[in-house]
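> Following this line is upload22.csv, made up of CSV, C-alpha atoms and all ligand atoms:
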chain,number,residue,atom,x,y,z
A,1,MET,CA,-12.1,-8.4,-16.1
A,2,ALA,CA,-13.0,-5.9,-13.5
A,3,ALA,CA,-14.5,-2.6,-14.6
A,4,ARG,CA,-13.2,0.1,-12.4
A,5,SER,CA,-14.7,3.5,-12.6
A,6,SER,CA,-13.4,6.4,-10.8
A,7,LEU,CA,-14.9,9.7,-11.7
A,8,GLY,CA,-16.0,12.9,-10.2
A,9,ARG,CA,-18.3,14.5,-12.8
A,10,ARG,CA,-19.5,18.0,-12.2
A,11,ALA,CA,-22.8,19.6,-13.0
A,12,GLY,CA,-25.7,17.4,-13.8
A,13,ARG,CA,-29.1,16.6,-15.2
A,14,GLY,CA,-30.8,16.8,-11.9
A,15,VAL,CA,-30.6,13.1,-11.3
A,16,LEU,CA,-30.3,13.6,-7.6
A,17,ALA,CA,-33.9,14.0,-6.5
A,18,LEU,CA,-32.7,13.4,-3.0
A,19,VAL,CA,-31.1,16.8,-2.9
A,20,SER,CA,-33.4,19.4,-1.6
A,21,LEU,CA,-33.5,22.3,-4.0
A,22,ALA,CA,-33.1,24.7,-1.1
A,23,LEU,CA,-29.7,23.2,-0.3
A,24,LEU,CA,-28.2,23.4,-3.7
A,25,GLY,CA,-27.2,26.9,-3.3
A,26,ALA,CA,-26.5,26.7,0.4
A,27,ASP,CA,-23.1,27.8,1.7
A,28,ARG,CA,-20.9,25.1,2.9
A,29,PRO,CA,-20.7,25.1,6.7
A,30,PRO,CA,-17.2,25.1,8.2
A,31,GLY,CA,-15.4,22.0,9.5
A,32,LEU,CA,-16.9,19.4,7.2
A,33,GLY,CA,-15.0,16.6,5.4
A,34,ASP,CA,-15.1,15.9,1.6
A,35,VAL,CA,-15.7,13.1,-0.7
A,36,ARG,CA,-12.4,12.4,-2.4
A,37,ASP,CA,-13.3,9.7,-4.8
A,38,VAL,CA,-15.9,7.1,-5.7
A,39,ARG,CA,-14.7,3.8,-7.1
A,40,THR,CA,-16.6,0.7,-8.1
A,41,TRP,CA,-15.5,-2.8,-9.1
A,42,SER,CA,-17.9,-5.1,-11.0
A,43,TYR,CA,-17.8,-8.9,-10.9
A,44,PRO,CA,-20.4,-11.5,-12.0
A,45,ASP,CA,-22.0,-11.8,-8.7
A,46,TYR,CA,-20.9,-8.9,-6.6
A,47,THR,CA,-20.0,-5.2,-6.9
A,48,ARG,CA,-17.8,-3.3,-4.5
A,49,VAL,CA,-18.4,0.4,-4.0
A,50,VAL,CA,-15.8,2.4,-2.2
A,51,VAL,CA,-16.3,6.1,-1.3
A,52,GLU,CA,-13.2,7.7,-0.1
A,53,LEU,CA,-13.6,10.5,2.4
A,54,THR,CA,-11.2,13.0,3.9
A,55,ARG,CA,-12.4,12.2,7.5
A,56,ASP,CA,-13.7,9.4,9.6
A,57,ILE,CA,-17.5,9.4,9.9
A,58,GLY,CA,-17.5,7.3,13.1
A,59,LEU,CA,-20.0,4.6,12.0
A,60,GLU,CA,-19.8,1.6,14.3
A,61,SER,CA,-22.7,-0.4,13.0
A,62,ASP,CA,-24.2,-0.8,9.5
A,63,PRO,CA,-26.8,2.0,9.1
A,64,THR,CA,-27.6,1.1,5.5
A,65,ILE,CA,-31.3,1.3,4.7
A,66,ARG,CA,-32.9,-0.6,1.9
A,67,LEU,CA,-35.8,0.9,0.0
A,68,PRO,CA,-38.2,-0.8,-2.4
A,69,ALA,CA,-38.5,0.3,-6.0
A,70,ASN,CA,-40.7,3.2,-6.7
A,71,PRO,CA,-41.7,2.8,-10.4
A,72,GLY,CA,-43.8,6.0,-10.3
A,73,ALA,CA,-40.7,8.1,-9.6
A,74,ASP,CA,-38.5,5.9,-11.8
A,75,ARG,CA,-36.6,4.8,-8.7
A,76,PRO,CA,-35.2,1.2,-8.6
A,77,GLU,CA,-34.7,-0.7,-5.4
A,78,ARG,CA,-31.9,1.0,-3.6
A,79,LEU,CA,-29.6,1.2,-0.5
A,80,TYR,CA,-28.8,4.4,1.2
A,81,ILE,CA,-26.5,5.5,3.9
A,82,ASP,CA,-26.0,9.0,5.5
A,83,LEU,CA,-22.5,10.3,5.9
A,84,PRO,CA,-22.5,12.7,8.8
A,85,GLY,CA,-20.0,15.6,8.7
A,86,ILE,CA,-19.4,15.2,4.9
A,87,TRP,CA,-19.9,17.9,2.3
A,88,VAL,CA,-20.4,16.8,-1.3
A,89,GLY,CA,-22.4,19.6,-2.7
A,90,ARG,CA,-23.2,19.0,-6.4
A,91,ARG,CA,-20.0,17.3,-7.3
A,92,TYR,CA,-21.7,13.9,-7.9
A,93,ALA,CA,-25.0,15.4,-9.0
A,94,GLU,CA,-24.9,13.4,-12.2
A,95,GLY,CA,-24.1,10.2,-10.3
A,96,VAL,CA,-21.6,7.5,-11.2
A,97,PRO,CA,-23.1,5.0,-13.6
A,98,VAL,CA,-22.3,1.3,-13.1
A,99,GLY,CA,-24.8,-0.7,-15.1
A,100,ASP,CA,-23.3,-4.1,-14.5
A,101,GLY,CA,-26.5,-6.1,-13.9
A,102,LEU,CA,-26.3,-5.6,-10.1
A,103,LEU,CA,-26.0,-1.9,-9.7
A,104,ARG,CA,-27.5,0.8,-11.9
A,105,GLY,CA,-25.3,3.3,-10.4
A,106,VAL,CA,-24.1,5.3,-7.3
A,107,ARG,CA,-25.4,8.8,-6.4
A,108,LEU,CA,-24.1,11.2,-3.7
A,109,GLY,CA,-25.9,14.3,-2.7
A,110,GLN,CA,-26.1,16.8,0.1
A,111,ASN,CA,-29.0,15.6,2.3
A,112,THR,CA,-28.7,18.3,5.0
A,113,GLN,CA,-26.1,21.0,5.4
A,114,ASN,CA,-24.0,18.7,7.6
A,115,THR,CA,-24.8,15.3,6.1
A,116,SER,CA,-24.3,13.7,2.6
A,117,ARG,CA,-26.3,10.8,1.4
A,118,LEU,CA,-24.9,7.9,-0.5
A,119,VAL,CA,-27.4,6.0,-2.7
A,120,VAL,CA,-26.8,2.8,-4.4
A,121,ASP,CA,-29.4,2.1,-7.1
A,122,LEU,CA,-29.9,-1.6,-7.5
A,123,GLU,CA,-30.7,-3.9,-10.4
A,124,SER,CA,-30.4,-7.1,-8.5
A,125,TYR,CA,-29.9,-7.8,-4.8
A,126,ASP,CA,-29.4,-10.7,-2.5
A,127,THR,CA,-27.5,-9.2,0.4
A,128,HIS,CA,-24.8,-6.7,1.1
A,129,ARG,CA,-22.2,-5.8,3.7
A,130,MET,CA,-21.0,-2.4,4.6
A,131,PHE,CA,-17.9,-1.4,6.6
A,132,THR,CA,-15.6,1.5,7.1
A,133,LEU,CA,-11.8,1.6,6.7
A,134,ARG,CA,-9.3,4.1,8.0
A,135,SER,CA,-6.1,5.6,6.4
A,136,PRO,CA,-7.6,6.8,4.1
A,137,ASP,CA,-11.1,6.9,5.4
A,138,ARG,CA,-13.4,4.9,3.3
A,139,VAL,CA,-17.0,3.6,3.2
A,140,VAL,CA,-17.1,0.2,1.5
A,141,ILE,CA,-20.4,-1.4,0.4
A,142,ASP,CA,-20.2,-4.9,-1.2
A,143,VAL,CA,-23.5,-5.8,-2.9
A,144,TYR,CA,-24.2,-9.4,-3.8
A,145,GLY,CA,-26.8,-10.5,-6.3
A,146,LYS,CA,-27.6,-12.3,-9.5
A,147,ALA,CA,-26.4,-10.3,-12.4
A,148,LYS,CA,-29.3,-10.1,-14.9
A,149,ARG,CA,-26.9,-10.3,-17.8
A,150,LYS,CA,-25.5,-13.4,-19.4
A,151,PRO,CA,-23.0,-14.9,-17.0
A,152,THR,CA,-19.4,-14.6,-18.2
A,153,GLU,CA,-17.1,-17.6,-18.5
A,154,LYS,CA,-15.6,-16.8,-15.2
A,155,SER,CA,-18.8,-16.8,-13.3
A,156,SER,CA,-20.0,-20.1,-14.6
A,157,ARG,CA,-16.8,-21.8,-13.5
A,158,GLY,CA,-17.8,-22.4,-9.9
A,159,GLY,CA,-21.4,-23.4,-10.6
A,160,PRO,CA,-24.5,-21.5,-11.6
A,161,ALA,CA,-23.7,-17.8,-11.7
A,162,GLY,CA,-24.5,-16.1,-8.5
A,163,SER,CA,-27.0,-18.7,-7.5
A,164,SER,CA,-25.6,-19.8,-4.2
A,165,ARG,CA,-24.1,-16.8,-2.6
A,166,LEU,CA,-26.2,-17.5,0.4
A,167,SER,CA,-25.0,-21.1,0.8
A,168,MET,CA,-21.7,-22.7,0.9
A,169,GLN,CA,-20.1,-23.4,-2.4
A,170,SER,CA,-17.8,-26.3,-2.7
A,171,ARG,CA,-15.2,-26.5,-5.3
A,172,ARG,CA,-11.8,-28.0,-6.0
A,173,LEU,CA,-8.9,-25.8,-4.8
A,174,LYS,CA,-7.3,-24.6,-7.9
A,175,THR,CA,-6.5,-20.9,-8.0
A,176,ILE,CA,-4.1,-19.4,-5.4
A,177,VAL,CA,-3.9,-15.7,-5.1
A,178,ILE,CA,-0.4,-14.5,-3.9
A,179,ASP,CA,-0.3,-11.1,-2.5
A,180,PRO,CA,3.2,-9.7,-2.1
A,181,GLY,CA,2.7,-7.0,0.6
A,182,HIS,CA,3.3,-3.3,0.0
A,183,GLY,CA,5.1,-2.0,-3.1
A,184,GLY,CA,5.8,1.3,-4.9
A,185,LYS,CA,5.6,4.2,-2.5
A,186,ASP,CA,5.0,1.9,0.4
A,187,PRO,CA,8.2,0.0,1.3
A,188,GLY,CA,6.7,-1.9,4.2
A,189,ALA,CA,9.3,-2.6,6.9
A,190,VAL,CA,12.8,-1.1,6.4
A,191,GLY,CA,15.4,-3.3,8.0
A,192,ILE,CA,19.1,-3.7,8.4
A,193,GLY,CA,21.1,-2.5,5.4
A,194,ASP,CA,18.1,-0.4,4.2
A,195,VAL,CA,16.5,-3.5,2.9
A,196,HIS,CA,12.9,-2.9,1.9
A,197,GLU,CA,10.2,-5.4,2.9
A,198,LYS,CA,8.4,-4.9,-0.4
A,199,ASP,CA,11.3,-6.3,-2.4
A,200,ILE,CA,11.7,-9.4,-0.4
A,201,ASN,CA,7.9,-10.0,-0.5
A,202,LEU,CA,7.9,-9.8,-4.3
A,203,LYS,CA,10.9,-12.0,-4.8
A,204,LEU,CA,9.5,-14.7,-2.5
A,205,ALA,CA,6.1,-14.4,-4.2
A,206,GLN,CA,7.6,-15.0,-7.6
A,207,LEU,CA,9.5,-18.0,-6.4
A,208,LEU,CA,6.3,-19.3,-4.8
A,209,ALA,CA,4.3,-18.8,-8.0
A,210,LYS,CA,6.8,-21.0,-9.8
A,211,ARG,CA,6.6,-23.7,-7.2
A,212,LEU,CA,2.8,-23.6,-7.2
A,213,ARG,CA,2.6,-23.8,-11.0
A,214,ALA,CA,4.8,-26.9,-10.9
A,215,ARG,CA,2.1,-28.4,-8.6
A,216,SER,CA,-0.6,-27.6,-11.2
A,217,PHE,CA,-2.1,-24.7,-9.3
A,218,LYS,CA,-3.3,-21.7,-11.2
A,219,VAL,CA,-1.6,-18.7,-9.7
A,220,VAL,CA,-2.7,-15.1,-9.7
A,221,MET,CA,-0.5,-12.3,-8.2
A,222,THR,CA,-1.9,-9.0,-6.9
A,223,ARG,CA,1.3,-7.4,-8.2
A,224,THR,CA,4.2,-8.6,-10.3
A,225,ASP,CA,6.4,-5.5,-10.1
A,226,ASP,CA,7.2,-2.7,-7.7
A,227,ARG,CA,4.0,-0.8,-7.7
A,228,PHE,CA,1.6,0.5,-5.0
A,229,ILE,CA,-1.9,-1.1,-4.9
A,230,ASP,CA,-4.3,-0.2,-2.1
A,231,LEU,CA,-5.8,-3.0,0.0
A,232,GLU,CA,-9.3,-2.7,-1.5
A,233,GLY,CA,-7.8,-3.1,-5.0
A,234,ARG,CA,-5.8,-6.1,-4.0
A,235,THR,CA,-8.7,-8.0,-2.6
A,236,ALA,CA,-11.2,-6.9,-5.3
A,237,PHE,CA,-8.7,-8.2,-7.9
A,238,ALA,CA,-8.4,-11.5,-6.0
A,239,GLU,CA,-12.2,-11.9,-6.3
A,240,SER,CA,-12.3,-11.0,-10.0
A,241,GLU,CA,-9.8,-13.8,-10.7
A,242,GLY,CA,-11.8,-16.4,-8.9
A,243,GLY,CA,-9.2,-17.1,-6.3
A,244,ASP,CA,-9.8,-20.1,-4.0
A,245,VAL,CA,-7.3,-19.1,-1.3
A,246,PHE,CA,-5.4,-15.9,-0.6
A,247,ILE,CA,-1.8,-15.7,0.7
A,248,SER,CA,-0.4,-12.4,1.7
A,249,ILE,CA,3.4,-12.4,2.0
A,250,HIS,CA,5.1,-10.1,4.5
A,251,VAL,CA,8.3,-9.5,6.5
A,252,ASN,CA,8.2,-8.5,10.1
A,253,ALA,CA,10.0,-5.7,12.1
A,254,SER,CA,10.4,-5.0,15.7
A,255,GLU,CA,12.2,-2.6,18.0
A,256,ASN,CA,13.6,-5.6,19.7
A,257,LYS,CA,16.5,-6.6,17.5
A,258,ASN,CA,16.7,-10.0,19.1
A,259,LEU,CA,13.2,-11.0,18.0
A,260,ARG,CA,13.2,-13.3,15.0
A,261,GLY,CA,11.2,-16.1,13.5
A,262,ILE,CA,8.2,-17.0,11.4
A,263,GLU,CA,4.5,-16.5,12.3
A,264,THR,CA,1.4,-17.1,10.2
A,265,TYR,CA,-1.8,-15.2,10.8
A,266,TYR,CA,-5.4,-15.9,10.0
A,267,LEU,CA,-8.4,-13.8,10.7
A,268,ASP,CA,-10.6,-14.3,13.7
A,269,GLU,CA,-13.1,-12.3,15.7
A,270,GLU,CA,-10.7,-12.5,18.6
A,271,HIS,CA,-7.1,-11.6,18.4
A,272,GLU,CA,-4.3,-11.5,20.8
A,273,ARG,CA,-3.4,-8.1,22.2
A,274,HIS,CA,0.3,-8.3,21.4
A,275,ASN,CA,-0.5,-8.7,17.7
A,276,VAL,CA,-1.9,-5.1,17.5
A,277,GLU,CA,1.5,-3.7,16.4
A,278,VAL,CA,1.8,-6.1,13.5
A,279,ALA,CA,-1.8,-5.5,12.4
A,280,ALA,CA,-1.4,-1.8,12.6
A,281,ARG,CA,1.8,-1.8,10.5
A,282,GLU,CA,0.4,-4.2,7.8
A,283,ASN,CA,-2.9,-2.3,7.7
A,284,GLY,CA,-1.2,1.0,7.5
A,285,VAL,CA,-3.1,2.4,10.4
A,286,ARG,CA,-2.3,3.6,13.9
A,287,PRO,CA,-2.4,0.9,16.7
A,288,SER,CA,-5.2,2.9,18.3
A,289,GLU,CA,-7.3,2.2,15.1
A,290,VAL,CA,-7.0,-1.5,15.3
A,291,ASP,CA,-9.7,-1.7,18.0
A,292,ALA,CA,-12.3,-0.1,15.6
A,293,LEU,CA,-11.3,-2.6,13.0
A,294,GLN,CA,-11.9,-5.4,15.5
A,295,GLN,CA,-15.4,-4.1,16.2
A,296,THR,CA,-16.1,-4.2,12.4
A,297,LEU,CA,-14.9,-7.8,12.4
A,298,SER,CA,-17.2,-8.8,15.2
A,299,ARG,CA,-20.1,-7.3,13.3
A,300,LEU,CA,-19.2,-9.1,10.1
A,301,ARG,CA,-19.1,-12.4,11.9
A,302,VAL,CA,-16.0,-14.0,10.5
A,303,ALA,CA,-16.3,-17.3,12.5
A,304,GLU,CA,-17.1,-19.6,9.6
A,305,ALA,CA,-14.4,-18.2,7.3
A,306,SER,CA,-11.8,-18.4,10.0
A,307,LYS,CA,-12.2,-22.2,10.4
A,308,LEU,CA,-10.9,-22.7,6.9
A,309,SER,CA,-8.3,-20.0,7.2
A,310,GLN,CA,-7.0,-21.5,10.4
A,311,SER,CA,-6.7,-24.9,8.7
A,312,LEU,CA,-4.9,-23.3,5.8
A,313,ALA,CA,-2.6,-21.4,8.2
A,314,SER,CA,-1.7,-24.7,10.1
A,315,TYR,CA,-0.8,-26.6,6.9
A,316,VAL,CA,1.3,-23.9,5.5
A,317,HIS,CA,3.0,-22.9,8.8
A,318,ARG,CA,3.9,-26.5,9.7
A,319,ASP,CA,5.5,-27.3,6.3
A,320,LEU,CA,7.3,-24.0,6.3
A,321,THR,CA,8.9,-24.3,9.7
A,322,LYS,CA,9.6,-28.0,9.3
A,323,GLY,CA,11.2,-27.7,5.9
A,324,LEU,CA,13.3,-24.7,6.8
A,325,SER,CA,14.6,-26.5,10.0
A,326,GLN,CA,15.7,-29.5,7.9
A,327,THR,CA,17.7,-27.3,5.6
A,328,TYR,CA,18.8,-24.4,7.8
A,329,GLY,CA,18.7,-25.9,11.3
A,330,GLN,CA,16.2,-24.9,14.0
A,331,VAL,CA,14.0,-22.0,13.0
A,332,SER,CA,12.4,-19.7,15.4
A,333,ASP,CA,8.7,-20.8,15.3
A,334,LEU,CA,6.5,-18.0,16.6
A,335,GLY,CA,3.4,-20.0,15.7
A,336,VAL,CA,0.0,-19.7,14.1
A,337,LYS,CA,-1.8,-16.6,15.3
A,338,LYS,CA,-5.1,-14.6,15.0
A,339,GLY,CA,-4.8,-11.1,13.7
A,340,PRO,CA,-7.1,-8.4,12.4
A,341,PHE,CA,-5.8,-7.7,8.9
A,342,TYR,CA,-7.7,-5.7,6.3
A,343,VAL,CA,-6.3,-7.7,3.5
A,344,LEU,CA,-7.7,-10.9,5.0
A,345,PHE,CA,-11.2,-9.8,5.9
A,346,MET,CA,-11.7,-8.1,2.5
A,347,SER,CA,-11.2,-11.4,0.8
A,348,SER,CA,-14.0,-13.8,0.4
A,349,MET,CA,-11.8,-16.9,0.4
A,350,PRO,CA,-9.7,-18.6,3.1
A,351,ALA,CA,-6.9,-16.2,3.6
A,352,ILE,CA,-3.6,-16.1,5.6
A,353,LEU,CA,-0.8,-13.7,6.1
A,354,VAL,CA,2.7,-15.1,6.4
A,355,GLU,CA,5.4,-13.1,8.3
A,356,THR,CA,8.5,-14.7,7.0
A,357,GLY,CA,11.0,-13.3,9.5
A,358,PHE,CA,12.3,-10.1,11.0
A,359,LEU,CA,14.2,-7.6,8.9
A,360,THR,CA,15.4,-6.0,12.1
A,361,ASN,CA,17.1,-9.1,13.3
A,362,PRO,CA,20.6,-9.7,11.9
A,363,LYS,CA,20.2,-13.5,11.5
A,364,ASP,CA,16.8,-13.3,9.8
A,365,ALA,CA,17.9,-10.3,7.6
A,366,LYS,CA,20.8,-12.3,6.4
A,367,LEU,CA,18.7,-15.4,5.7
A,368,LEU,CA,16.1,-13.4,3.9
A,369,SER,CA,18.7,-11.8,1.6
A,370,SER,CA,19.6,-15.3,0.3
A,371,ASP,CA,17.8,-16.5,-2.8
A,372,HIS,CA,18.3,-20.1,-1.8
A,373,TYR,CA,16.6,-19.5,1.5
A,374,LEU,CA,13.7,-17.7,-0.2
A,375,ASP,CA,13.4,-20.6,-2.6
A,376,VAL,CA,13.3,-23.2,0.2
A,377,MET,CA,10.7,-21.1,1.8
A,378,ALA,CA,8.7,-21.0,-1.4
A,379,ALA,CA,8.9,-24.7,-1.9
A,380,GLN,CA,7.7,-25.3,1.7
A,381,ILE,CA,4.7,-22.9,1.4
A,382,ALA,CA,3.8,-24.7,-1.8
A,383,ALA,CA,4.1,-28.0,0.0
A,384,GLY,CA,1.7,-26.7,2.7
A,385,LEU,CA,-0.8,-25.7,0.1
A,386,GLY,CA,-0.5,-29.1,-1.6
A,387,HIS,CA,-1.3,-30.7,1.8
A,388,TYR,CA,-4.2,-28.4,2.3
A,389,ARG,CA,-5.5,-29.3,-1.1
A,390,ASN,CA,-5.3,-33.0,-0.4
A,391,ARG,CA,-6.7,-32.8,3.1
A,392,GLY,CA,-9.8,-34.8,4.2
A,393,ASP,CA,-12.6,-33.8,2.0
A,394,GLN,CA,-10.4,-32.5,-0.8
A,395,ARG,CA,-12.7,-29.6,-1.2
A,396,ALA,CA,-12.1,-25.9,-0.7
A,397,HIS,CA,-15.2,-24.1,0.4
A,398,ARG,CA,-16.1,-20.6,-0.6
A,399,LEU,CA,-18.3,-18.9,1.9
A,400,ALA,CA,-21.4,-16.8,1.3
A,401,PRO,CA,-22.2,-13.6,3.1
A,402,GLY,CA,-24.3,-13.3,6.2
A,403,GLY,CA,-27.0,-15.8,5.2
A,404,PRO,CA,-28.9,-17.9,7.6
A,405,ASP,CA,-27.0,-21.0,6.7
A,406,SER,CA,-23.5,-19.7,6.5
A,407,ARG,CA,-22.8,-17.1,9.2
A,408,SER,CA,-20.3,-15.3,7.2
A,409,ARG,CA,-18.4,-14.8,4.0
A,410,LEU,CA,-15.1,-13.0,4.2
B,501,ZN,ZN,4.2,-6.0,5.6
Let me see the file written as structure tokens.
Ligand SMILES: [Zn+2]

Amino acid sequence: MAARSSLGRRAGRGVLALVSLALLGADRPPGLGDVRDVRTWSYPDYTRVVVELTRDIGLESDPTIRLPANPGADRPERLYIDLPGIWVGRRYAEGVPVGDGLLRGVRLGQNTQNTSRLVVDLESYDTHRMFTLRSPDRVVIDVYGKAKRKPTEKSSRGGPAGSSRLSMQSRRLKTIVIDPGHGGKDPGAVGIGDVHEKDINLKLAQLLAKRLRARSFKVVMTRTDDRFIDLEGRTAFAESEGGDVFISIHVNASENKNLRGIETYYLDEEHERHNVEVAARENGVRPSEVDALQQTLSRLRVAEASKLSQSLASYVHRDLTKGLSQTYGQVSDLGVKKGPFYVLFMSSMPAILVETGFLTNPKDAKLLSSDHYLDVMAAQIAAGLGHYRNRGDQRAHRLAPGGPDSRSRL
């Protein structure tokens, strides 16, 4: 079970030694952004820290610095990163305790008048990755290590707890995470007849879950009702449930009413220019922000993860288009594509995003309103996953982050 903390305590015990006393009473300079929230998610072998800000801090590379422990000053090993243009004052002076065996806690303080400093106090550390996200602006730090506490049942499932984050883990494909896109205040695409994408995504996801359980897969859904979950929460949840593959379900939209068909995306360092619109919409960002995301992807080196995701996409897409053609006549097959999707690169397992049709096309909209059509679709996606499970080596690989042997883990 994930422990999520989200707090903004005021006043403090002076835990923040990094804050110069002279600054504590300093007036806030104009034009700075704020820290809106600090959230953490704890799992047996990794912890995600998300600091939500009110503005972009424009970091293009990972500026995180790792410091050794300083027992004299009662300082554990720690990571820190400066957040230019951000004012935090004393709001987090007390720090946000985590205490999950990997992280002691997170501190934020005003380092200079124009820069805040984020410090992650470590209890155990193998590696980390840091990236920024837009809309809302966030700094994400994933810390991987060996929790010093007794491993939970969940962590021991895939082998020794946390022992092999830096090498490939092999395990039987068992747990599928289904992610019905959007939900709650976020309707996704709105199509002909005021149909909301979020509703179709959920209906199809529920049918798919049923089909997968019939094939002896364990199924986890990021949402089972009409609620809003942000992307970091969706992917952190998938991690916590020990998912082996991640499938995000969406419906497309276009200004071109004639455009229809099915396309399946996987994550790759490269992407095709014409997919920017889709990526922007599904990521909830402006098209101009997709380029920055692409730079992040290049830095995180997704090559290794994308091989498995590409294979998964091919199996699912082939069965989906083939099966629908047999029942409903020729479908418009837009192919397997590369695209920069947050929800895919924040997952640590092979991950795909299926665009099941266009809500803006009359034919597709009509088909997608049919329960029978959605059920055939669900059956075919399940068949594709069955074929993926039974392929060649019969193993699903989980990838480890940034180590010398495996170039990436996403
Ligand atoms: Zn969508």
> Taking all atoms listed in the file and a cut-off of 10 Å, can you tell me which residues surround ligand ZN 501 (chain B), written as a count of residues only?
30
> For a cut-off of 6 Å around (-26.6, 14.7, -7.0), file coordinates, pick out all residues using all atoms listed in the file and list them as a list in words.
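Nearby residues: Leu16, Arg90, Tyr92, Ala93, Glu94, Leu108 and Gly109 of chain A.
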> Restricting the calculation to all atoms listed in the file: of A:Leu103, A:Met130, A:Ile352, A:Ala73, which residue gets closest to Leu59 (chain A)?
A:Met130
> Have a look at A:Leu79, A:Val88, A:Ala313, A:Ile200 and name the one nearest to Asp371 (chain A); count only C-alpha atoms.
A:Ile200
